[in-house]
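**Student:** Contents of model17.csv (CSV, C-alpha atoms) are given next:
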chain,number,residue,atom,x,y,z
E,1,MET,CA,111.4,37.2,150.2
E,2,MET,CA,110.2,35.6,147.0
E,3,VAL,CA,108.6,32.7,148.9
E,4,GLN,CA,106.7,34.9,151.3
E,5,GLU,CA,105.5,37.1,148.5
E,6,GLN,CA,104.1,34.1,146.7
E,7,LEU,CA,102.3,32.9,149.8
E,8,ALA,CA,101.0,36.4,150.4
E,9,GLN,CA,99.7,36.5,146.8
E,10,LEU,CA,97.8,33.3,147.3
E,11,ASN,CA,96.3,34.6,150.6
E,12,LYS,CA,94.9,37.6,148.7
E,13,ILE,CA,92.5,35.3,146.8
E,14,SER,CA,89.1,35.6,148.2
E,15,GLY,CA,88.3,32.5,150.3
E,16,VAL,CA,91.9,31.4,150.8
E,17,LEU,CA,92.7,31.3,154.5
E,18,GLY,CA,96.3,30.3,154.4
E,19,ALA,CA,99.2,28.9,152.4
E,20,CYS,CA,102.2,26.9,153.3
E,21,LEU,CA,105.3,25.5,151.7
E,22,CYS,CA,106.8,22.4,153.1
E,23,SER,CA,109.4,19.8,152.3
E,24,ARG,CA,108.6,16.3,151.2
E,25,ASP,CA,109.8,15.0,154.5
E,26,GLY,CA,107.2,17.2,156.2
E,27,LYS,CA,109.1,20.2,157.4
E,28,VAL,CA,107.5,23.6,157.2
E,29,LEU,CA,109.7,25.9,155.0
E,30,ALA,CA,107.5,29.0,154.9
E,31,CYS,CA,104.0,29.6,156.1
E,32,ASN,CA,101.3,32.2,155.9
E,33,MET,CA,98.5,30.5,157.9
E,34,PRO,CA,95.9,31.9,160.4
E,35,GLU,CA,97.4,32.5,163.8
E,36,ILE,CA,95.0,30.1,165.5
E,37,TYR,CA,97.3,27.3,164.4
E,38,GLU,CA,100.3,26.5,166.6
E,39,PRO,CA,103.6,25.9,164.9
E,40,GLU,CA,103.6,22.3,166.1
E,41,THR,CA,100.2,21.8,164.6
E,42,LEU,CA,101.4,23.1,161.2
E,43,GLU,CA,104.5,20.9,161.4
E,44,LEU,CA,102.3,17.9,162.0
E,45,ALA,CA,99.9,18.9,159.2
E,46,ALA,CA,102.8,19.3,156.8
E,47,ARG,CA,104.0,15.8,157.7
E,48,LEU,CA,100.6,14.3,157.2
E,49,ILE,CA,100.2,16.0,153.8
E,50,ALA,CA,103.7,15.0,152.7
E,51,GLU,CA,103.2,11.4,153.7
E,52,ALA,CA,99.8,11.2,151.9
E,53,PHE,CA,101.4,12.7,148.8
E,54,MET,CA,104.3,10.3,148.9
E,55,GLY,CA,102.0,7.4,149.6
E,56,ILE,CA,100.3,8.1,146.2
E,57,GLU,CA,103.6,8.9,144.6
E,58,SER,CA,104.9,5.5,145.6
E,59,ILE,CA,102.5,3.8,143.3
E,60,ARG,CA,102.5,6.4,140.5
E,61,GLU,CA,105.3,8.8,140.0
E,62,ASP,CA,103.5,11.6,138.1
E,63,VAL,CA,101.2,13.0,140.8
E,64,SER,CA,100.4,16.6,139.8
E,65,GLU,CA,97.5,17.4,142.0
E,66,MET,CA,96.0,16.4,145.3
E,67,ASP,CA,92.9,17.9,147.0
E,68,PHE,CA,91.5,17.1,150.4
E,69,ILE,CA,87.8,17.9,150.3
E,70,TYR,CA,85.9,18.3,153.6
E,71,GLN,CA,82.5,19.6,154.6
E,72,ASP,CA,83.8,22.9,155.9
E,73,TYR,CA,87.1,23.6,154.1
E,74,LEU,CA,89.4,22.4,151.2
E,75,CYS,CA,93.1,21.7,151.3
E,76,ILE,CA,94.7,21.9,147.9
E,77,VAL,CA,98.2,20.6,147.4
E,78,ARG,CA,100.6,20.9,144.5
E,79,PRO,CA,104.2,19.6,144.1
E,80,VAL,CA,106.9,22.2,143.9
E,81,GLY,CA,109.7,20.5,141.9
E,82,ASP,CA,110.7,17.1,143.3
E,83,ALA,CA,111.5,18.2,146.9
E,84,ARG,CA,108.7,20.4,148.2
E,85,LEU,CA,104.9,20.8,148.4
E,86,LEU,CA,102.7,23.9,148.4
E,87,TYR,CA,99.3,23.8,150.0
E,88,VAL,CA,96.4,26.2,150.7
E,89,ILE,CA,93.4,26.0,153.0
E,90,CYS,CA,90.3,27.5,151.5
E,91,GLU,CA,86.6,27.9,152.2
E,92,PRO,CA,84.4,25.5,150.2
E,93,GLU,CA,82.7,28.3,148.3
E,94,VAL,CA,86.1,29.6,146.9
E,95,LYS,CA,86.4,29.9,143.2
E,96,THR,CA,88.4,26.6,142.9
E,97,PRO,CA,89.6,27.1,139.3
E,98,ILE,CA,91.2,30.4,140.2
E,99,VAL,CA,92.8,29.0,143.3
E,100,LYS,CA,94.2,26.0,141.4
E,101,LEU,CA,95.5,28.1,138.6
E,102,SER,CA,97.2,30.5,141.0
E,103,LEU,CA,98.6,27.6,143.0
E,104,ASN,CA,100.0,26.0,139.8
E,105,VAL,CA,101.7,29.3,138.9
E,106,ALA,CA,103.1,29.8,142.4
E,107,ALA,CA,104.4,26.2,142.4
E,108,LYS,CA,106.2,26.7,139.1
E,109,LYS,CA,107.8,29.9,140.3
E,110,LEU,CA,108.8,28.5,143.6
E,111,ALA,CA,110.4,25.5,142.0
E,112,PHE,CA,113.2,27.8,140.9
E,113,VAL,CA,113.7,29.4,144.3
E,114,PRO,CA,116.4,27.8,146.4
E,115,MET,CA,115.7,26.9,149.9
E,116,PRO,CA,118.6,26.3,152.3
E,117,GLU,CA,116.9,23.2,153.7
E,118,THR,CA,117.1,21.4,150.4
E,119,VAL,CA,120.7,22.3,149.4
E,120,ASP,CA,122.5,19.2,148.3
E,121,GLU,CA,125.1,18.7,151.0
E,122,GLY,CA,127.3,16.7,148.7
E,123,SER,CA,128.2,19.6,146.4
E,124,ALA,CA,131.1,21.8,147.2
E,125,GLY,CA,131.5,25.3,145.6
E,126,GLY,CA,127.8,25.9,145.1
E,127,THR,CA,124.9,24.0,143.7
E,128,SER,CA,122.9,24.5,140.5
E,129,ALA,CA,119.4,25.9,140.6
E,130,GLN,CA,118.0,22.5,139.8
E,131,GLN,CA,119.7,20.8,142.7
E,132,VAL,CA,118.7,23.3,145.3
E,133,SER,CA,115.1,23.8,144.1
E,134,GLY,CA,114.0,20.4,143.0
E,135,ALA,CA,113.2,21.9,139.6
E,136,PRO,CA,110.8,19.8,137.6
E,137,THR,CA,113.3,18.0,135.3
E,138,ARG,CA,113.6,14.4,136.4
E,139,LYS,CA,116.7,12.4,135.7
E,140,PRO,CA,115.9,8.9,134.4
E,141,PRO,CA,116.7,6.1,137.0
E,142,ASP,CA,120.3,5.2,136.8
E,143,ASP,CA,122.5,2.5,138.2
E,144,SER,CA,123.7,4.6,141.1
E,145,LEU,CA,124.2,1.5,143.3
E,146,GLY,CA,126.7,0.2,140.7
E,147,HIS,CA,126.5,-3.1,139.0
E,148,GLN,CA,129.5,-4.2,141.0
E,149,ALA,CA,127.9,-3.6,144.4
E,150,LEU,CA,125.7,-6.7,144.4
E,151,THR,CA,127.1,-10.2,144.7
E,152,ASP,CA,127.8,-12.1,141.5
E,153,SER,CA,125.6,-14.9,142.6
E,154,GLU,CA,122.4,-15.1,140.7
E,155,THR,CA,120.5,-16.7,143.5
E,156,LEU,CA,120.3,-14.6,146.6
E,157,ASP,CA,119.5,-15.5,150.2
E,158,PRO,CA,115.8,-14.6,150.6
E,159,ALA,CA,116.2,-14.0,154.4
E,160,ALA,CA,119.1,-11.6,153.8
E,161,VAL,CA,117.1,-9.8,151.1
E,162,THR,CA,114.1,-9.5,153.5
E,163,THR,CA,116.3,-8.1,156.2
E,164,VAL,CA,117.8,-5.5,153.9
E,165,MET,CA,114.3,-4.5,152.6
E,166,LYS,CA,113.1,-4.2,156.2
E,167,ALA,CA,116.1,-2.0,157.0
E,168,ILE,CA,115.3,0.2,154.0
E,169,GLN,CA,111.6,0.3,155.1
E,170,ASP,CA,112.6,1.4,158.6
E,171,GLN,CA,115.0,4.0,157.2
E,172,LEU,CA,112.2,5.5,155.1
E,173,GLY,CA,109.7,5.1,157.9
E,174,GLN,CA,111.8,7.4,160.2
E,175,SER,CA,111.0,10.4,158.1
E,176,MET,CA,107.9,9.3,156.1
E,177,GLY,CA,106.0,7.1,158.6
E,178,GLU,CA,106.1,3.4,158.9
E,179,SER,CA,103.2,2.7,156.5
E,180,VAL,CA,104.6,4.9,153.7
E,181,GLY,CA,108.0,3.2,154.0
E,182,LYS,CA,106.3,-0.2,153.7
E,183,ILE,CA,104.3,0.9,150.6
E,184,ILE,CA,107.3,2.3,148.9
E,185,VAL,CA,109.4,-0.8,149.5
E,186,ASP,CA,106.6,-3.2,148.5
E,187,THR,CA,105.9,-1.2,145.4
E,188,ALA,CA,109.5,-1.1,144.3
E,189,LEU,CA,109.8,-4.9,144.8
E,190,ASP,CA,106.6,-5.6,142.9
E,191,ALA,CA,107.3,-3.2,140.1
E,192,SER,CA,110.8,-4.8,139.6
E,193,GLY,CA,109.4,-8.3,139.6
E,194,VAL,CA,111.4,-9.5,142.6
E,195,ASN,CA,110.3,-13.0,143.6
E,196,ARG,CA,110.5,-12.8,147.4
E,197,GLU,CA,111.0,-16.5,147.9
E,198,ALA,CA,113.8,-16.7,145.3
E,199,PRO,CA,115.0,-13.2,144.6
E,200,GLY,CA,117.0,-12.8,141.5
E,201,ARG,CA,120.1,-10.5,141.2
E,202,THR,CA,118.9,-8.5,138.2
E,203,GLU,CA,115.4,-7.8,139.6
E,204,LEU,CA,116.8,-6.9,143.0
E,205,ARG,CA,119.3,-4.5,141.5
E,206,ILE,CA,116.5,-2.7,139.7
E,207,ALA,CA,114.4,-2.5,142.9
E,208,LEU,CA,117.4,-1.2,144.9
E,209,ASN,CA,118.2,1.5,142.3
E,210,GLU,CA,114.6,2.5,142.2
E,211,LEU,CA,114.6,3.0,146.0
E,212,LEU,CA,118.0,4.6,146.0
E,213,ASN,CA,117.4,7.1,143.3
E,214,LYS,CA,114.0,8.3,144.7
E,215,ALA,CA,112.9,7.6,148.2
E,216,LEU,CA,116.3,7.1,149.9
E,217,ALA,CA,118.0,10.0,148.1
E,218,ASN,CA,115.0,12.2,149.1
E,219,VAL,CA,115.3,11.4,152.8
E,220,MET,CA,119.1,11.0,153.2
E,221,GLY,CA,120.7,12.8,150.3
E,222,LYS,CA,122.1,10.8,147.4
E,223,PRO,CA,125.8,10.3,148.5
E,224,GLU,CA,124.8,9.3,152.0
E,225,ALA,CA,122.1,6.9,150.7
E,226,VAL,CA,124.6,5.2,148.3
E,227,ARG,CA,127.1,4.7,151.2
E,228,TRP,CA,124.4,3.5,153.6
E,229,LEU,CA,123.0,1.0,151.1
E,230,ASN,CA,126.4,-0.4,150.2
E,231,GLU,CA,127.2,-1.0,153.9
E,232,LEU,CA,123.8,-2.6,154.4
E,233,LEU,CA,124.4,-5.0,151.5
E,234,GLU,CA,127.8,-5.9,152.8
E,235,ARG,CA,126.6,-6.4,156.3
E,236,HIS,CA,124.1,-9.0,155.1
E,237,GLY,CA,126.3,-10.8,152.7
E,238,LEU,CA,124.8,-9.4,149.6
E,239,ALA,CA,127.8,-7.3,148.5
E,240,ARG,CA,130.2,-8.5,145.9
E,241,LYS,CA,133.3,-10.0,147.4
E,242,GLY,CA,136.3,-7.7,147.5
E,243,GLN,CA,134.1,-4.5,147.4
X,244,MET,CA,79.3,-7.3,152.2
X,245,GLU,CA,79.4,-8.4,148.5
X,246,TYR,CA,82.5,-6.4,147.6
X,247,GLY,CA,82.7,-7.6,144.0
X,248,LEU,CA,79.1,-6.5,143.5
X,249,LEU,CA,79.8,-3.2,145.2
X,250,ALA,CA,82.7,-2.6,142.9
X,251,LYS,CA,80.6,-3.4,139.8
X,252,HIS,CA,77.9,-1.1,141.1
X,253,ILE,CA,80.3,1.8,141.6
X,254,ARG,CA,82.0,1.1,138.2
X,255,ALA,CA,78.5,1.6,136.6
X,256,LEU,CA,78.3,5.2,138.0
X,257,GLU,CA,78.5,7.8,135.2
X,258,GLY,CA,82.1,8.8,134.5
X,259,VAL,CA,83.7,6.0,136.5
X,260,THR,CA,86.4,4.1,134.6
X,261,GLY,CA,87.9,1.9,137.3
X,262,VAL,CA,87.3,0.9,140.9
X,263,THR,CA,89.4,-0.6,143.8
X,264,VAL,CA,87.7,-1.5,147.1
X,265,ALA,CA,90.0,-2.0,150.1
X,266,ASP,CA,89.5,-2.9,153.8
X,267,ALA,CA,90.8,-0.9,156.7
X,268,GLU,CA,94.1,-2.8,156.6
X,269,GLY,CA,94.7,-1.7,153.0
X,270,ARG,CA,94.0,-5.1,151.5
X,271,CYS,CA,92.4,-5.1,148.1
X,272,LEU,CA,88.9,-6.7,148.3
X,273,ALA,CA,87.7,-6.1,144.8
X,274,ARG,CA,88.8,-4.4,141.5
X,275,GLU,CA,86.9,-3.4,138.4
X,276,ASP,CA,89.0,-2.2,135.4
X,277,CYS,CA,91.5,-0.5,137.8
X,278,SER,CA,94.5,0.8,135.8
X,279,TYR,CA,96.9,0.8,138.7
X,280,PRO,CA,99.2,-2.2,138.8
X,281,GLY,CA,99.1,-2.6,142.6
X,282,GLY,CA,99.4,-0.7,145.9
X,283,LEU,CA,96.4,1.5,145.3
X,284,ALA,CA,94.3,-0.2,148.1
X,285,ALA,CA,97.0,0.3,150.7
X,286,ALA,CA,97.7,3.9,149.5
X,287,THR,CA,94.0,4.7,149.7
X,288,VAL,CA,93.7,3.7,153.3
X,289,LEU,CA,96.9,5.5,154.2
X,290,VAL,CA,95.8,8.7,152.5
X,291,MET,CA,92.3,8.6,154.0
X,292,ASN,CA,93.6,8.0,157.5
X,293,HIS,CA,95.9,10.9,157.0
X,294,ALA,CA,93.1,13.0,155.7
X,295,ALA,CA,91.0,12.3,158.8
X,296,GLN,CA,93.9,13.2,161.1
X,297,LEU,CA,94.5,16.4,159.1
X,298,ALA,CA,90.8,17.4,159.4
X,299,GLU,CA,90.9,16.8,163.1
X,300,MET,CA,94.1,18.8,163.6
X,301,LEU,CA,93.2,21.8,161.5
X,302,GLY,CA,89.4,21.7,162.1
X,303,LEU,CA,88.5,21.3,158.5
X,304,GLY,CA,85.2,19.4,159.0
X,305,GLU,CA,83.9,15.9,158.3
X,306,SER,CA,83.2,13.6,155.4
X,307,PRO,CA,86.5,14.0,153.6
X,308,HIS,CA,87.3,12.7,150.2
X,309,VAL,CA,90.6,13.1,148.5
X,310,ASP,CA,91.1,13.7,144.8
X,311,PHE,CA,94.4,13.3,143.0
X,312,VAL,CA,95.7,13.5,139.4
X,313,CYS,CA,98.4,11.3,138.0
X,314,GLY,CA,99.1,12.0,134.4
X,315,LEU,CA,95.8,11.9,132.7
X,316,THR,CA,94.1,9.8,135.4
X,317,ARG,CA,91.8,11.3,138.0
X,318,VAL,CA,91.2,9.4,141.1
X,319,ALA,CA,88.8,10.0,144.0
X,320,LEU,CA,89.3,8.3,147.4
X,321,ILE,CA,86.3,7.7,149.6
X,322,GLY,CA,85.8,5.7,152.7
X,323,ASN,CA,83.9,4.9,155.9
X,324,ALA,CA,85.2,3.1,159.0
X,325,ASN,CA,85.8,-0.2,157.4
X,326,THR,CA,85.6,0.1,153.6
X,327,PHE,CA,87.6,2.4,151.3
X,328,VAL,CA,87.1,3.0,147.6
X,329,ALA,CA,89.4,4.4,145.0
X,330,ILE,CA,87.5,5.6,141.9
X,331,GLU,CA,89.2,6.4,138.6
X,332,TYR,CA,87.1,8.7,136.7
X,333,ALA,CA,87.1,10.7,133.5
X,334,TRP,CA,86.7,14.4,133.2
X,335,PRO,CA,84.2,16.1,133.3
X,336,ALA,CA,82.7,13.8,135.9
X,337,ASP,CA,82.4,15.5,139.2
X,338,SER,CA,84.2,13.9,142.2
X,339,ASP,CA,81.7,15.5,144.7
X,340,ARG,CA,78.8,13.7,143.0
X,341,LEU,CA,80.8,10.5,142.7
X,342,ALA,CA,81.8,10.7,146.4
X,343,ALA,CA,78.2,11.3,147.5
X,344,GLU,CA,76.9,8.4,145.3
X,345,THR,CA,79.6,6.1,146.5
X,346,VAL,CA,78.9,6.9,150.2
X,347,GLY,CA,75.3,6.0,149.5
X,348,LEU,CA,76.3,2.7,147.9
X,349,LEU,CA,78.6,1.9,150.8
X,350,ALA,CA,75.7,2.5,153.2
X,351,ALA,CA,73.3,0.4,151.1
X,352,TYR,CA,75.8,-2.5,150.9
X,353,ARG,CA,76.7,-2.5,154.6
Represent the supplied structure as structure tokens.
**Tutor:**
Amino acid sequence: MMVQEQLAQLNKISGVLGACLCSRDGKVLACNMPEIYEPETLELAARLIAEAFMGIESIREDVSEMDFIYQDYLCIVRPVGDARLLYVICEPEVKTPIVKLSLNVAAKKLAFVPMPETVDEGSAGGTSAQQVSGAPTRKPPDDSLGHQALTDSETLDPAAVTTVMKAIQDQLGQSMGESVGKIIVDTALDASGVNREAPGRTELRIALNELLNKALANVMGKPEAVRWLNELLERHGLARKGQ
Amino acid sequence: MEYGLLAKHIRALEGVTGVTVADAEGRCLAREDCSYPGGLAAATVLVMNHAAQLAEMLGLGESPHVDFVCGLTRVALIGNANTFVAIEYAWPADSDRLAAETVGLLAAYR
């Protein structure tokens, strides 16, 4: 009920037409929007908003606000923890500071409300509030892939690396859209300093961990993402022998 | 179009601290003091395309621009059919004004 209460509170603000909570992979989790919108339309809108948000997040991690400003209406989006987004549709003459403040407050409250769709499937015997809600504390990137997972060779086959990166791009593209998947992979490679013609082991490991800990974990869940990525590396001869 | 000149012209607008100009394919055409290491051109096009689809789907109206905040940086994304611009600006500059002025410059340079 907490979620619906928050959405209803937002809808009470003069000029706000509707509010919606969705997951980062574009699924509507709770909605209080005008009835003229079909559920399918709202699903598609949530996907577009989530992809746009993640497109920006792929180049800079700390996106705290995103506003779509049109002639007739505004769409104001805020992140709710690491896993969800909250947005409202408003008339242009709305008191924007009030709406933004209310949205920020609602987003902070909702970050601590568990949603079944975001429960970490890997945990038995209950999950912590942080895991289920995407609460705002971020873990620093860690070596989840494992230093042992990649081959010992310092020079890697560029074609194999390209194939692996394309597979990651496609995997991300299935839930985020092809173009977002490409941006995320390209950004991780560039940020880690991977030379695409002669990829180095260290740089590639940084890039893979970056992708694993953020985008892949987001769309697949961490345990599944680790298993999938290790199999992918093995299949393309990039895994350490004997793994 | 003289993209470098366009970028310099937009950079000179009051409150603007950095500019990236992109084509419809997301390639960077010009940069002026942009603080983003890379990927902003592609992200701009992606977001603006999604903004246009969102408007059509929900009936939100025309002439979208998108504002986002990363840390202390504010960025406004503006575009027409072929050219997209990401403008980093400093508070209290108004993104509505910057969007309107940028649209004017895009038309003038076309």
**Student:** Rank nothing, just name the residue among E:Pro114, E:Pro79, E:Gly55, E:Pro199 nearest to chain X, using all atoms listed in the file.
**Tutor:** E:Gly55
**Student:** Using only C-alpha atoms, select each residue of chain E with any atom at most 10 Å away from an atom of chain X, and give the selection as an MDAnalysis selection string.
**Tutor:** chainID E and resid 36:38 41:42 44:78 89:91 179:180 182:184 186:187 190:191
**Student:** Rounded to one decimal place, report the atom CA of X:Gly261-atom CA of X:Phe327 distance in Å.
**Tutor:**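 Distance between the two atoms: 14.0 Å.
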**Student:** Can you tell me, as a ChimeraX atom specification, what residues are no more than 9 Å from X:Tyr352 when counting only C-alpha atoms, ignoring any on the same chain fewer than 3 positions away?
**Tutor:** /X:244-246,249,347-349
**Student:** Could you check how far atom CA of E:Ser175 sits from atom CA of E:Thr162, in Å to one decimal?
**Tutor:** 20.7 Å
**Student:** Rounded to one decimal in Å, what is the spacing between atom CA of X:Glu344 and atom CA of X:Leu272?
**Tutor:**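 Interatomic distance here is 19.5 Å.
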**Student:** I'd like the contact shell of X:Asn325 - 9 Å cut-off, all atoms listed in the file, skipping same-chain residues fewer than 3 positions apart - returned as a VMD selection string.
**Tutor:** chain X and resid 265 to 268 322
**Student:** Calculated over all atoms listed in the file, which of the candidates X:Leu341, X:Ala273, X:Ala250, X:Val264 has the smallest distance to X:Asn323?
**Tutor:** X:Val264
**Student:** Identify, on the basis of only C-alpha atoms, every residue whose closest approach to E:Glu197 does not exceed 9 Å; exclude the query and any residue fewer than 5 positions from it along the same chain; express the result as a PyMOL selection string.
**Tutor:** chain E and resi 157-159
**Student:** For the selection you just gave me, I'd like the residues written to a file as a PDB file, in the frame of the given file, keeping C-alpha atoms.
**Tutor:**
ATOM      1  CA  ASP E 157     119.500 -15.500 150.200  1.00  0.00           C
ATOM      2  CA  PRO E 158     115.800 -14.600 150.600  1.00  0.00           C
ATOM      3  CA  ALA E 159     116.200 -14.000 154.400  1.00  0.00           C
TER       4      ALA E 159
END
**Student:** Considering all atoms listed in the file, can you say which of E:Ala160, E:Val185, E:Ile98, E:Leu208 comes closest to E:Glu234?
**Tutor:**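 The shortest atom-to-atom distance to E:Glu234 comes from E:Ala160.
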**Student:** Which residue is closest to E:Thr155? Choose from E:Glu203, E:Asp170, E:Glu43, E:Glu231 and count all atoms listed in the file.
**Tutor:** E:Glu203
**Student:** Using all atoms listed in the file, which of X:Asp276, X:Gly247, X:His252, X:Val259 sits nearest X:Pro335?
**Tutor:**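 Ranked by minimum distance to X:Pro335, first place goes to X:Val259.
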**Student:** Up to 6 Å from (94.6, 30.9, 151.1) in the file's coordinates: name the residues, counting all atoms listed in the file, as a short mmCIF file (atom, residue, chain, number, x, y, z; two decimals) with C-alpha atoms, in the frame of the given file.
**Tutor:**
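What landed in point_29.cif:
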data_model
loop_
_atom_site.label_atom_id
_atom_site.label_comp_id
_atom_site.auth_asym_id
_atom_site.auth_seq_id
_atom_site.Cartn_x
_atom_site.Cartn_y
_atom_site.Cartn_z
CA LEU E 10 97.80 33.30 147.30
CA ASN E 11 96.30 34.60 150.60
CA VAL E 16 91.90 31.40 150.80
CA LEU E 17 92.70 31.30 154.50
CA GLY E 18 96.30 30.30 154.40
CA ALA E 19 99.20 28.90 152.40
CA VAL E 88 96.40 26.20 150.70
CA ILE E 89 93.40 26.00 153.00
CA CYS E 90 90.30 27.50 151.50
#
